[in-house]
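Coordinates as given in input-v4.cif (mmCIF, C-alpha atoms):
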data_run
#
loop_
_atom_site.label_atom_id
_atom_site.label_comp_id
_atom_site.auth_asym_id
_atom_site.auth_seq_id
_atom_site.Cartn_x
_atom_site.Cartn_y
_atom_site.Cartn_z
CA MET A 65 -24.03 -16.59 14.59
CA ALA A 66 -24.79 -13.04 15.72
CA ILE A 67 -23.56 -11.83 19.09
CA PRO A 68 -26.40 -11.94 21.69
CA ALA A 69 -27.45 -8.55 23.05
CA SER A 70 -26.56 -9.70 26.56
CA ILE A 71 -22.93 -10.36 25.62
CA ALA A 72 -22.29 -7.39 23.31
CA PRO A 73 -21.76 -4.82 26.14
CA GLN A 74 -19.29 -7.19 27.81
CA LEU A 75 -17.30 -7.43 24.59
CA ASP A 76 -17.39 -3.65 24.18
CA ALA A 77 -15.96 -3.24 27.69
CA ILE A 78 -13.16 -5.71 26.99
CA GLN A 79 -12.27 -3.89 23.77
CA ALA A 80 -12.13 -0.54 25.58
CA ALA A 81 -9.87 -2.03 28.28
CA VAL A 82 -7.48 -3.50 25.70
CA GLU A 83 -7.32 -0.20 23.83
CA SER A 84 -6.56 1.60 27.08
CA ILE A 85 -3.73 -0.77 28.00
CA ARG A 86 -1.91 -0.21 24.70
CA ASP A 87 -3.25 3.31 24.04
CA TYR A 88 -4.39 2.42 20.53
CA LYS A 89 -7.87 2.22 19.01
CA PRO A 90 -8.27 0.52 15.62
CA GLY A 91 -10.45 2.13 13.00
CA GLY A 92 -13.63 0.70 11.52
CA GLU A 93 -16.26 -1.68 12.87
CA VAL A 94 -15.38 -4.94 14.59
CA ASN A 95 -16.73 -8.00 12.78
CA ARG A 96 -17.30 -10.39 15.67
CA GLN A 97 -19.30 -13.61 15.70
CA LEU A 98 -20.24 -16.30 18.19
CA LEU A 99 -19.02 -19.71 17.08
CA PRO A 100 -20.21 -22.93 18.76
CA ARG A 101 -17.34 -25.38 19.22
CA GLU A 102 -18.73 -27.93 16.78
CA LYS A 103 -18.74 -25.23 14.09
CA LEU A 104 -15.20 -24.25 15.07
CA ARG A 105 -14.11 -27.83 14.43
CA ALA A 106 -15.77 -27.78 11.02
CA PHE A 107 -14.16 -24.42 10.25
CA LEU A 108 -10.69 -25.67 11.26
CA ALA A 109 -11.12 -28.90 9.31
CA ALA A 110 -11.81 -26.84 6.19
CA GLU A 111 -8.79 -24.62 6.91
CA PHE A 112 -6.48 -27.61 7.34
CA ARG A 113 -7.55 -28.90 3.93
CA ARG A 114 -6.62 -25.75 2.04
CA ASP A 115 -3.78 -26.54 -0.38
CA GLU A 116 -1.19 -24.26 1.22
CA VAL A 117 -1.96 -25.57 4.71
CA ARG A 118 -1.89 -29.21 3.57
CA ILE A 119 1.57 -28.64 2.10
CA GLU A 120 2.81 -27.18 5.40
CA ILE A 121 1.41 -30.15 7.30
CA GLU A 122 3.00 -32.57 4.82
CA ILE A 123 6.37 -30.89 5.41
CA ASP A 124 5.94 -31.21 9.19
CA ASP A 125 4.82 -34.81 8.80
CA ARG A 126 7.90 -35.85 6.82
CA LEU A 127 10.31 -33.83 8.92
CA PHE A 128 9.05 -34.95 12.32
CA LYS A 129 8.83 -38.61 11.34
CA LEU A 130 12.26 -38.80 9.72
CA LEU A 131 13.80 -37.16 12.79
CA GLY A 132 12.01 -39.52 15.17
CA MET A 133 10.04 -36.72 16.81
CA ILE A 134 6.66 -38.41 16.31
CA ASP A 135 5.57 -41.97 15.63
CA GLY A 136 5.85 -43.04 12.02
CA ASP A 137 2.19 -44.15 11.95
CA LEU A 138 0.75 -40.94 13.42
CA ASP A 139 -1.99 -39.18 11.43
CA LEU A 140 -0.58 -35.68 11.82
CA LEU A 141 -3.48 -33.92 10.11
CA GLY A 142 -5.98 -35.68 12.37
CA GLU A 143 -3.84 -34.87 15.42
CA TYR A 144 -3.76 -31.18 14.53
CA GLU A 145 -7.55 -31.15 14.05
CA VAL A 146 -8.10 -32.64 17.50
CA MET A 147 -5.56 -30.35 19.20
CA TYR A 148 -6.83 -27.11 17.73
CA GLY A 149 -10.48 -28.17 17.83
CA THR A 150 -10.33 -28.69 21.60
CA GLN A 151 -7.78 -26.06 22.70
CA VAL A 152 -8.76 -23.01 20.65
CA ALA A 153 -11.07 -20.74 22.64
CA GLY A 154 -11.11 -17.79 20.24
CA LEU A 155 -9.92 -16.92 16.77
CA TYR A 156 -8.97 -13.84 14.79
CA GLN A 157 -8.70 -14.14 11.02
CA SER A 158 -6.47 -11.44 9.59
CA GLU A 159 -7.51 -12.29 6.01
CA THR A 160 -11.16 -11.41 6.71
CA ASP A 161 -10.79 -9.23 9.85
CA GLN A 162 -13.22 -11.55 11.63
CA LEU A 163 -13.23 -12.22 15.37
CA PHE A 164 -14.74 -15.54 16.45
CA ILE A 165 -15.71 -16.09 20.08
CA VAL A 166 -15.91 -19.82 20.74
CA GLU A 167 -18.88 -20.48 23.00
CA ASP A 168 -19.34 -23.80 24.77
CA ASP A 169 -22.22 -23.32 27.20
CA ASP A 170 -23.85 -20.08 28.40
CA THR A 171 -24.73 -17.51 25.72
CA GLU A 172 -25.91 -14.93 28.29
CA GLU A 173 -22.63 -14.18 30.06
CA LEU A 174 -18.97 -14.67 29.26
CA SER A 175 -17.00 -17.05 31.44
CA LEU A 176 -13.63 -15.86 32.74
CA LEU A 177 -11.85 -18.02 30.15
CA GLU A 178 -13.98 -16.52 27.35
CA GLU A 179 -13.36 -13.00 28.65
CA ILE A 180 -9.58 -13.39 28.82
CA THR A 181 -9.54 -15.13 25.45
CA TYR A 182 -11.49 -12.30 23.87
CA SER A 183 -8.98 -9.76 25.21
CA HIS A 184 -6.24 -11.83 23.52
CA GLU A 185 -8.04 -12.19 20.20
CA TYR A 186 -9.23 -8.59 20.07
CA PHE A 187 -5.63 -7.51 20.60
CA HIS A 188 -4.73 -9.46 17.44
CA LEU A 189 -7.14 -7.15 15.60
CA VAL A 190 -5.34 -4.19 17.19
CA GLN A 191 -1.98 -5.59 16.08
CA ASP A 192 -3.28 -6.14 12.57
CA ASP A 193 -4.66 -2.62 12.27
CA ARG A 194 -1.42 -1.15 13.56
CA PHE A 195 1.22 -3.37 11.93
CA ASP A 196 -0.49 -5.32 9.08
CA LEU A 197 0.00 -8.95 10.15
CA ASP A 198 -0.50 -10.36 6.65
CA GLN A 199 2.36 -8.22 5.32
CA LEU A 200 4.62 -9.29 8.20
CA GLN A 201 3.87 -12.93 7.41
CA ASP A 202 4.69 -12.31 3.75
CA ASP A 203 8.01 -10.78 4.81
CA VAL A 204 9.21 -14.00 6.49
CA GLU A 205 7.57 -16.55 4.17
CA GLY A 206 9.93 -19.31 3.12
CA ASN A 207 11.92 -19.42 6.36
CA ARG A 208 10.27 -21.80 8.80
CA ASP A 209 12.30 -20.58 11.77
CA ALA A 210 11.69 -16.89 11.06
CA GLU A 211 7.97 -17.64 10.62
CA LEU A 212 7.87 -19.24 14.07
CA ALA A 213 9.78 -16.27 15.51
CA LEU A 214 7.17 -13.89 14.06
CA ILE A 215 4.30 -15.99 15.44
CA SER A 216 6.06 -15.90 18.81
CA LEU A 217 6.24 -12.10 18.74
CA ILE A 218 2.56 -11.82 17.79
CA GLU A 219 1.25 -14.42 20.24
CA GLY A 220 3.71 -13.49 22.97
CA ASP A 221 2.60 -9.86 22.81
CA ALA A 222 -1.06 -10.90 22.94
CA THR A 223 -0.36 -13.24 25.88
CA ALA A 224 1.40 -10.46 27.78
CA LEU A 225 -1.54 -8.17 27.01
CA GLN A 226 -4.11 -10.65 28.31
CA THR A 227 -2.11 -10.97 31.53
CA GLN A 228 -2.22 -7.18 31.94
CA TYR A 229 -5.95 -7.27 31.24
CA LEU A 230 -6.48 -9.96 33.88
CA LEU A 231 -4.53 -8.07 36.53
CA GLN A 232 -6.25 -4.75 35.83
CA ASN A 233 -9.83 -5.85 35.19
CA VAL A 234 -10.60 -9.11 37.00
CA SER A 235 -10.95 -9.39 40.77
CA VAL A 236 -9.09 -12.00 42.78
CA ASP A 237 -12.43 -13.39 44.03
CA ARG A 238 -13.59 -13.99 40.46
CA VAL A 239 -10.34 -15.71 39.55
CA VAL A 240 -10.59 -17.98 42.60
CA GLY A 241 -14.23 -18.69 41.86
CA SER A 242 -13.37 -19.72 38.31
CA LEU A 243 -10.50 -22.05 39.17
CA GLU A 244 -12.69 -25.16 39.18
CA SER A 245 -14.13 -24.51 35.73
CA LEU A 246 -10.68 -23.59 34.37
CA THR A 247 -9.25 -26.81 35.78
CA GLU A 248 -12.07 -28.81 34.20
CA ALA A 249 -11.42 -27.14 30.86
CA LEU A 250 -7.74 -28.07 31.04
CA ALA A 251 -8.64 -31.65 31.98
CA ASP A 252 -10.70 -31.94 28.79
CA ILE A 253 -7.65 -31.26 26.60
CA PRO A 254 -6.63 -34.56 25.00
CA ASP A 255 -3.08 -35.87 25.20
CA ALA A 256 -0.89 -35.07 22.21
CA PRO A 257 2.64 -36.10 21.26
CA PHE A 258 5.20 -34.05 23.14
CA ALA A 259 6.65 -32.44 20.01
CA LEU A 260 3.26 -31.17 18.81
CA GLN A 261 2.19 -29.89 22.22
CA ARG A 262 5.49 -28.09 22.70
CA LEU A 263 5.29 -26.59 19.21
CA LEU A 264 1.84 -25.22 20.08
CA GLU A 265 3.00 -23.81 23.43
CA PHE A 266 6.24 -22.15 22.31
CA PRO A 267 4.87 -18.94 20.74
CA TYR A 268 2.75 -18.22 23.82
CA GLN A 269 5.24 -19.14 26.54
CA GLU A 270 8.63 -18.14 25.15
CA GLY A 271 6.99 -15.41 23.07
CA ALA A 272 5.58 -13.78 26.20
CA GLN A 273 8.95 -14.07 27.95
CA PHE A 274 10.59 -12.39 24.97
CA VAL A 275 8.10 -9.52 25.00
CA GLU A 276 8.48 -9.02 28.75
CA ARG A 277 12.24 -8.49 28.30
CA LEU A 278 11.65 -5.50 25.98
CA THR A 279 10.89 -1.91 26.88
CA ASP A 280 7.75 -0.38 25.41
CA ALA A 281 9.83 1.37 22.74
CA GLN A 282 11.74 -1.82 21.90
CA LEU A 283 8.50 -3.79 21.63
CA LEU A 284 7.00 -1.23 19.27
CA ASN A 285 10.18 -1.32 17.16
CA SER A 286 10.18 -5.14 17.06
CA TYR A 287 7.31 -5.07 14.55
CA ALA A 288 9.51 -3.09 12.16
CA ASP A 289 12.77 -4.85 13.07
CA LEU A 290 11.41 -8.40 13.39
CA PRO A 291 13.17 -11.10 15.41
CA ALA A 292 14.98 -13.13 12.76
CA SER A 293 15.02 -16.53 14.46
CA THR A 294 13.71 -18.55 17.37
CA GLU A 295 17.22 -18.13 18.80
CA GLN A 296 16.43 -14.44 19.25
CA ILE A 297 13.09 -15.31 20.87
CA ILE A 298 14.75 -17.72 23.32
CA HIS A 299 17.64 -15.32 23.97
CA PRO A 300 16.25 -11.75 23.80
CA GLU A 301 19.71 -10.39 24.49
CA LYS A 302 20.78 -11.73 21.07
CA TYR A 303 17.89 -9.89 19.44
CA LEU A 304 18.79 -6.66 21.21
CA ALA A 305 22.46 -7.13 20.27
CA GLY A 306 21.56 -7.71 16.60
CA GLU A 307 23.00 -11.23 16.48
CA PHE A 308 21.55 -12.67 13.27
CA PRO A 309 21.57 -16.29 12.05
CA ILE A 310 24.37 -17.45 9.78
CA VAL A 311 23.07 -18.13 6.28
CA VAL A 312 23.83 -21.70 5.17
CA ALA A 313 23.64 -23.00 1.60
CA LEU A 314 23.15 -26.61 0.50
CA PRO A 315 24.55 -28.22 -2.66
CA ASP A 316 22.41 -30.16 -5.16
CA LEU A 317 21.75 -33.14 -2.90
CA ALA A 318 19.15 -34.85 -5.08
CA GLY A 319 21.62 -34.90 -7.97
CA ARG A 320 24.21 -36.61 -5.76
CA LEU A 321 21.79 -39.41 -4.92
CA GLY A 322 21.21 -40.26 -8.59
CA GLU A 323 18.41 -40.61 -11.09
CA GLY A 324 14.87 -40.37 -9.80
CA TRP A 325 15.70 -38.38 -6.67
CA SER A 326 14.21 -34.89 -6.22
CA LYS A 327 14.07 -32.17 -3.59
CA PHE A 328 10.69 -31.96 -1.88
CA HIS A 329 11.45 -29.01 0.42
CA GLU A 330 14.35 -26.93 1.73
CA ASP A 331 14.24 -24.70 4.81
CA VAL A 332 15.70 -23.75 8.22
CA LEU A 333 15.26 -25.75 11.44
CA GLY A 334 16.36 -23.12 13.97
CA GLU A 335 17.38 -23.39 17.60
CA PHE A 336 13.92 -24.20 18.93
CA THR A 337 13.26 -27.08 16.51
CA ILE A 338 16.73 -28.54 17.14
CA ALA A 339 16.11 -28.42 20.89
CA LEU A 340 12.65 -29.93 20.37
CA TRP A 341 14.22 -32.67 18.25
CA LEU A 342 16.61 -33.68 21.03
CA SER A 343 13.91 -33.42 23.70
CA SER A 344 11.66 -35.69 21.63
CA LEU A 345 14.49 -38.23 21.51
CA GLY A 346 14.66 -38.19 25.30
CA SER A 347 17.57 -35.82 25.91
CA THR A 348 17.45 -33.91 29.20
CA ASN A 349 20.14 -31.54 27.90
CA ALA A 350 18.36 -30.45 24.73
CA ASP A 351 18.34 -26.72 25.49
CA ILE A 352 22.06 -26.78 26.32
CA ALA A 353 22.86 -28.77 23.20
CA ALA A 354 21.00 -26.34 20.94
CA ALA A 355 22.08 -23.13 22.66
CA GLY A 356 25.19 -22.71 20.51
CA TRP A 357 23.18 -22.77 17.28
CA GLY A 358 24.42 -20.29 14.71
CA GLY A 359 22.46 -21.29 11.60
CA ASP A 360 21.38 -24.27 9.52
CA ARG A 361 19.78 -25.48 6.32
CA PHE A 362 17.94 -28.74 5.71
CA ALA A 363 16.41 -30.53 2.74
CA LEU A 364 13.73 -33.21 2.44
CA LEU A 365 14.29 -35.52 -0.52
CA ASP A 366 12.10 -37.98 -2.45
CA GLY A 367 13.44 -41.15 -4.07
CA PRO A 368 12.31 -42.93 -7.24
CA ASN A 369 10.60 -45.76 -5.35
CA GLY A 370 8.96 -43.85 -2.52
CA GLU A 371 12.15 -43.46 -0.47
CA ARG A 372 12.51 -40.39 1.70
CA ALA A 373 15.60 -38.70 3.07
CA PHE A 374 16.67 -35.76 5.22
CA ALA A 375 19.95 -33.85 5.07
CA ALA A 376 21.14 -30.82 7.03
CA ILE A 377 24.13 -28.69 7.84
CA ILE A 378 24.23 -27.00 11.25
CA VAL A 379 26.76 -24.29 12.08
CA TRP A 380 27.62 -23.05 15.55
CA ASP A 381 28.60 -19.88 17.39
CA GLU A 382 31.72 -21.63 18.68
CA PRO A 383 32.24 -24.27 15.95
CA GLN A 384 34.46 -26.75 17.76
CA GLU A 385 32.99 -26.56 21.27
CA ASP A 386 29.30 -26.18 20.40
CA GLY A 387 29.35 -28.77 17.61
CA ALA A 388 31.02 -31.37 19.81
CA GLN A 389 28.63 -30.63 22.67
CA PHE A 390 25.58 -31.04 20.42
CA THR A 391 26.87 -34.32 19.00
CA GLY A 392 27.66 -35.70 22.44
CA PHE A 393 24.23 -35.00 23.90
CA TRP A 394 22.50 -36.19 20.74
CA ALA A 395 24.47 -39.45 20.61
CA ALA A 396 23.74 -40.09 24.29
CA ALA A 397 20.00 -39.70 23.65
CA LEU A 398 19.98 -42.07 20.68
CA ASP A 399 22.12 -44.64 22.50
CA LYS A 400 19.53 -44.75 25.30
CA SER A 401 16.54 -44.92 22.96
CA ASP A 402 14.78 -48.22 22.33
CA GLN A 403 13.98 -46.99 18.82
CA TYR A 404 17.62 -46.68 17.69
CA THR A 405 20.42 -49.24 17.34
CA ALA A 406 23.99 -47.96 17.16
CA LEU A 407 26.09 -48.75 14.10
CA ALA A 408 29.88 -48.89 13.84
CA ASN A 409 31.37 -45.40 14.28
CA ASP A 410 34.65 -43.70 13.51
CA GLU A 411 36.14 -40.53 15.00
CA ARG A 412 34.00 -38.19 12.88
CA THR A 413 30.88 -40.13 11.88
CA PHE A 414 28.26 -41.76 14.09
CA GLY A 415 25.29 -43.82 12.97
CA TRP A 416 22.09 -45.49 14.16
CA GLN A 417 19.43 -47.71 12.60
CA SER A 418 15.71 -47.12 13.24
CA ASP A 419 12.35 -47.74 11.59
CA GLN A 420 12.82 -44.44 9.70
CA GLY A 421 16.10 -45.60 8.15
CA ILE A 422 19.72 -44.88 8.93
CA THR A 423 20.67 -41.71 10.81
CA LEU A 424 24.23 -40.45 10.42
CA VAL A 425 25.89 -37.43 12.00
CA GLN A 426 29.33 -36.23 10.96
CA ILE A 427 31.55 -33.61 12.58
CA GLN A 428 33.34 -31.70 9.85
CA ALA A 429 36.84 -30.32 10.33
CA SER A 430 35.37 -26.82 10.46
CA GLY A 431 33.11 -27.81 13.37
CA ARG A 432 29.99 -27.80 11.19
CA ILE A 433 27.68 -30.75 11.72
CA SER A 434 26.18 -32.79 8.88
CA VAL A 435 23.09 -34.88 9.68
CA VAL A 436 21.35 -37.26 7.28
CA VAL A 437 18.49 -39.73 7.56
CA VAL A 438 18.55 -42.11 4.61
CA PRO A 439 17.18 -45.48 3.48
CA ASP A 440 20.64 -47.07 3.15
CA ILE A 441 24.32 -46.55 3.98
CA GLU A 442 25.32 -45.85 0.37
CA SER A 443 22.88 -42.93 0.14
CA GLY A 444 24.12 -41.62 3.47
CA GLU A 445 27.74 -41.67 2.34
CA LYS A 446 26.86 -39.76 -0.83
CA LEU A 447 25.02 -37.07 1.12
CA LEU A 448 27.71 -36.71 3.78
CA LEU A 449 30.35 -36.35 1.07
CA ALA A 450 28.28 -33.64 -0.65
CA LEU A 451 27.66 -31.79 2.61
CA ASP A 452 31.38 -31.82 3.46
CA GLU A 453 32.51 -30.15 0.26
#
Could you express the structure from this file as structure tokens?
Amino acid sequence: MAIPASIAPQLDAIQAAVESIRDYKPGGEVNRQLLPREKLRAFLAAEFRRDEVRIEIEIDDRLFKLLGMIDGDLDLLGEYEVMYGTQVAGLYQSETDQLFIVEDDDTEELSLLEEITYSHEYFHLVQDDRFDLDQLQDDVEGNRDAELALISLIEGDATALQTQYLLQNVSVDRVVGSLESLTEALADIPDAPFALQRLLEFPYQEGAQFVERLTDAQLLNSYADLPASTEQIIHPEKYLAGEFPIVVALPDLAGRLGEGWSKFHEDVLGEFTIALWLSSLGSTNADIAAAGWGGDRFALLDGPNGERAFAAIIVWDEPQEDGAQFTGFWAAALDKSDQYTALANDERTFGWQSDQGITLVQIQASGRISVVVVPDIESGEKLLLALDE
């Protein structure tokens, strides 16, 4: 839908303000379109059904369910469609260089929410013209944690920019006058599982905090020297100090489980996802437990009769202290959960039974932590033995 003549000058003014804030003007024409919310939902539904996106959602679905982060019966695809269909107020597509302004009511004048959102989305176009967002995404492809760190840089920078725009271009009276409509908009957002809502918030909240800790020169350099992990986003001092994740390798786990088993996916959890995992299990010490993260590697496995399994190695900055701290907080959360029943433990290995199977955590002599979620004890013992070699 073409941009109405009444709104076009408002968009032009927002673009000029954004360019002034960051002293950068992209080249070429801006391909911007008005998108009614019902068409946004249809657009997102089509996007979620693209093969590469469906695979990503399937990975999240298996991972989150095996780890007890979401209910085993949840329709994750449907949940994502509802979340994004109601919460997205603007959209920039780097593949097509298109800017979509989501319009709910008045097509004659932008609301404050629409104005601020457009400053955010137009800045994505600025970022793309300056740094080539598609190439940056290609650079981190295959590392889930690094991908989330990149998204946090991009969205955090845009969130910081929109805050600057608000302070410099919107009067206090207008903000106060818009509070009621903004509150109503927030009230219309449907409830979502904690893990999904937090995953959506992280790039904007922690990403903005990361950006605000950098000088202008450091921020500009961060697009060339990307943050390598969510650990560096959460702890900007580790990014500035060049503290990189420890690379972890996994053995052939499917082969250890026997005939008919195969690897579905292998990747990195990262500090944020580990903290989110513990928070989803009810831990109030999740951030502390995950703060010593040094690196990890996990695998999702498929069995011959539809079985599914998870296996991971987590290494720590201070192997003995951090590993023991993580295990203690994690065990306390599972012991309090109604979804988990404790099994017999020894000094190194702890176990619980749940609807997702058997969860085992083992503290290795080196301080590394092995975690598996398996359909039966025998499979768990095989994986723990392989992870300890």
(message) So that I can see what lies close to A:Leu398, please list as a PyMOL selection string the residues with an atom at most 12 Å from it, counting only C-alpha atoms and leaving out residues fewer than 3 positions away in the same chain.
(response) chain A and resi 131-133+341-347+391-395+401-407+414-418+423-425
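One distance worth recording is that between atom CA of A:Pro368 and atom CA of A:Trp325, which is 5.7 Å.
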(message) Residue by residue, what does the PyMOL selection byres ((chain A and resi 128) around 12) grab here? Present the result as an MDAnalysis selection string.
(response) chainID A and resid 121:127 129:140 257:260 263 333 337:338 340:342 344:345 364 373:374 420 437
Which residues are near A:Gln269? Cut-off 10 Å, all atoms listed in the file, ignore same chain within fewer than 4 positions. Put them as an mmCIF file with C-alpha atoms, keeping the file's coordinate frame.
data_model
loop_
_atom_site.group_PDB
_atom_site.id
_atom_site.type_symbol
_atom_site.label_atom_id
_atom_site.label_comp_id
_atom_site.auth_asym_id
_atom_site.auth_seq_id
_atom_site.Cartn_x
_atom_site.Cartn_y
_atom_site.Cartn_z
ATOM 1 C CA SER A 216 6.060 -15.900 18.810
ATOM 2 C CA GLU A 219 1.250 -14.420 20.240
ATOM 3 C CA GLY A 220 3.710 -13.490 22.970
ATOM 4 C CA THR A 223 -0.360 -13.240 25.880
ATOM 5 C CA ALA A 224 1.400 -10.460 27.780
ATOM 6 C CA ARG A 262 5.490 -28.090 22.700
ATOM 7 C CA LEU A 264 1.840 -25.220 20.080
ATOM 8 C CA GLU A 265 3.000 -23.810 23.430
ATOM 9 C CA GLN A 273 8.950 -14.070 27.950
ATOM 10 C CA PHE A 274 10.590 -12.390 24.970
#
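Residues matching the PyMOL selection byres ((chain A and resi 208) around 7) in this structure come to A:Gly206, A:Asn207, A:Asp209, A:Ala210, A:Glu211, A:Leu212, A:Asp331, A:Val332, A:Leu333.
Each of A:Gly241, A:Glu102, A:Gln201, A:Leu174 was compared to A:Val152 using all atoms listed in the file, and A:Glu102 turns out to be the nearest.
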(request) Excluding A:Leu104 and any residue of its chain fewer than 6 positions from it, enumerate the residues within 9 Å of it, using all atoms listed in the file, and give them as a PyMOL selection string. (result) chain A and resi 149+152+164+166
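Taking atom CA of A:Glu442 as the reference point, atom CA of A:Lys400 is found at 25.6 Å.
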(request) List the residues matched by the PyMOL selection byres ((chain A and resi 111) around 12) in the displayed structure as a PyMOL selection string, ordered by chain and then by residue number. (result) chain A and resi 104-110+112-118+120-121+141+144-145+148-149+157
Just write the chosen residues, C-alpha atoms, as a short mmCIF file (atom, residue, chain, number, x, y, z; two decimals), in the coordinates of the input.
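See out.cif below for the written result:
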data_model
loop_
_atom_site.label_atom_id
_atom_site.label_comp_id
_atom_site.auth_asym_id
_atom_site.auth_seq_id
_atom_site.Cartn_x
_atom_site.Cartn_y
_atom_site.Cartn_z
CA LEU A 104 -15.20 -24.25 15.07
CA ARG A 105 -14.11 -27.83 14.43
CA ALA A 106 -15.77 -27.78 11.02
CA PHE A 107 -14.16 -24.42 10.25
CA LEU A 108 -10.69 -25.67 11.26
CA ALA A 109 -11.12 -28.90 9.31
CA ALA A 110 -11.81 -26.84 6.19
CA PHE A 112 -6.48 -27.61 7.34
CA ARG A 113 -7.55 -28.90 3.93
CA ARG A 114 -6.62 -25.75 2.04
CA ASP A 115 -3.78 -26.54 -0.38
CA GLU A 116 -1.19 -24.26 1.22
CA VAL A 117 -1.96 -25.57 4.71
CA ARG A 118 -1.89 -29.21 3.57
CA GLU A 120 2.81 -27.18 5.40
CA ILE A 121 1.41 -30.15 7.30
CA LEU A 141 -3.48 -33.92 10.11
CA TYR A 144 -3.76 -31.18 14.53
CA GLU A 145 -7.55 -31.15 14.05
CA TYR A 148 -6.83 -27.11 17.73
CA GLY A 149 -10.48 -28.17 17.83
CA GLN A 157 -8.70 -14.14 11.02
#
(request) May I ask which of the residues A:Gly271, A:Gly154, A:Gly306, A:Pro68 is the closest one to A:Glu173, counting only C-alpha atoms? (result) A:Pro68
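Using all atoms listed in the file, the nearest neighbour of A:Tyr88 within the list A:Leu189, A:Ile422, A:Leu447, A:Val204 is A:Leu189.
Comparing the minimum interatomic distances between A:Ala355 and each of A:Leu321, A:Ala408, A:Glu295, A:Arg372, counting all atoms listed in the file, we find that A:Glu295 sits nearest.
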Using the file's own x, y and z axes, so that the box edges lie along x, y and z, what centre and edge lengths in Å (one decimal) does a box around every listed atom of stretch 421-439 of chain A get when 6 Å is added on each side? Give it as JSON.
{"center_x": 26.5, "center_y": -36.2, "center_z": 8.4, "size_x": 32.7, "size_y": 30.8, "size_z": 21.9}
(request) Measuring atom to atom with only C-alpha atoms, identify which of A:Leu231, A:Ile85, A:Ala375, A:Ala213 is nearest to A:Asp280. (result) A:Ile85
Output stretch 368-380 of chain A from the block with N, CA and C atoms, as a PDB file, in the first residue's frame?
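Okay, this is what ended up in result.pdb:
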ATOM      1  N   PRO A 368      15.770 -44.179  16.554  1.00  0.00           N
ATOM      2  CA  PRO A 368      15.146 -44.961  15.482  1.00  0.00           C
ATOM      3  C   PRO A 368      13.636 -45.074  15.592  1.00  0.00           C
ATOM      4  N   ASN A 369      13.086 -44.843  16.790  1.00  0.00           N
ATOM      5  CA  ASN A 369      11.645 -44.982  16.992  1.00  0.00           C
ATOM      6  C   ASN A 369      11.001 -43.676  17.460  1.00  0.00           C
ATOM      7  N   GLY A 370      11.549 -42.569  16.973  1.00  0.00           N
ATOM      8  CA  GLY A 370      10.991 -41.266  17.337  1.00  0.00           C
ATOM      9  C   GLY A 370      11.548 -40.686  18.620  1.00  0.00           C
ATOM     10  N   GLU A 371      12.530 -41.364  19.247  1.00  0.00           N
ATOM     11  CA  GLU A 371      13.113 -40.824  20.471  1.00  0.00           C
ATOM     12  C   GLU A 371      13.904 -39.552  20.154  1.00  0.00           C
ATOM     13  N   ARG A 372      14.018 -38.704  21.150  1.00  0.00           N
ATOM     14  CA  ARG A 372      14.815 -37.499  21.016  1.00  0.00           C
ATOM     15  C   ARG A 372      15.729 -37.346  22.232  1.00  0.00           C
ATOM     16  N   ALA A 373      16.893 -36.774  22.011  1.00  0.00           N
ATOM     17  CA  ALA A 373      17.850 -36.608  23.099  1.00  0.00           C
ATOM     18  C   ALA A 373      18.620 -35.310  22.922  1.00  0.00           C
ATOM     19  N   PHE A 374      19.160 -34.842  24.035  1.00  0.00           N
ATOM     20  CA  PHE A 374      19.993 -33.640  24.084  1.00  0.00           C
ATOM     21  C   PHE A 374      21.259 -33.985  24.838  1.00  0.00           C
ATOM     22  N   ALA A 375      22.388 -33.467  24.379  1.00  0.00           N
ATOM     23  CA  ALA A 375      23.653 -33.665  25.090  1.00  0.00           C
ATOM     24  C   ALA A 375      24.497 -32.416  24.940  1.00  0.00           C
ATOM     25  N   ALA A 376      25.188 -32.021  26.023  1.00  0.00           N
ATOM     26  CA  ALA A 376      25.997 -30.806  25.975  1.00  0.00           C
ATOM     27  C   ALA A 376      27.189 -30.916  26.913  1.00  0.00           C
ATOM     28  N   ILE A 377      28.239 -30.206  26.535  1.00  0.00           N
ATOM     29  CA  ILE A 377      29.371 -29.953  27.417  1.00  0.00           C
ATOM     30  C   ILE A 377      29.441 -28.455  27.644  1.00  0.00           C
ATOM     31  N   ILE A 378      29.573 -28.050  28.908  1.00  0.00           N
ATOM     32  CA  ILE A 378      29.715 -26.640  29.256  1.00  0.00           C
ATOM     33  C   ILE A 378      31.036 -26.471  29.996  1.00  0.00           C
ATOM     34  N   VAL A 379      31.843 -25.512  29.550  1.00  0.00           N
ATOM     35  CA  VAL A 379      33.106 -25.212  30.223  1.00  0.00           C
ATOM     36  C   VAL A 379      33.004 -23.831  30.860  1.00  0.00           C
ATOM     37  N   TRP A 380      33.870 -23.595  31.840  1.00  0.00           N
ATOM     38  CA  TRP A 380      33.710 -22.433  32.712  1.00  0.00           C
ATOM     39  C   TRP A 380      35.000 -21.628  32.805  1.00  0.00           C
TER      40      TRP A 380
END
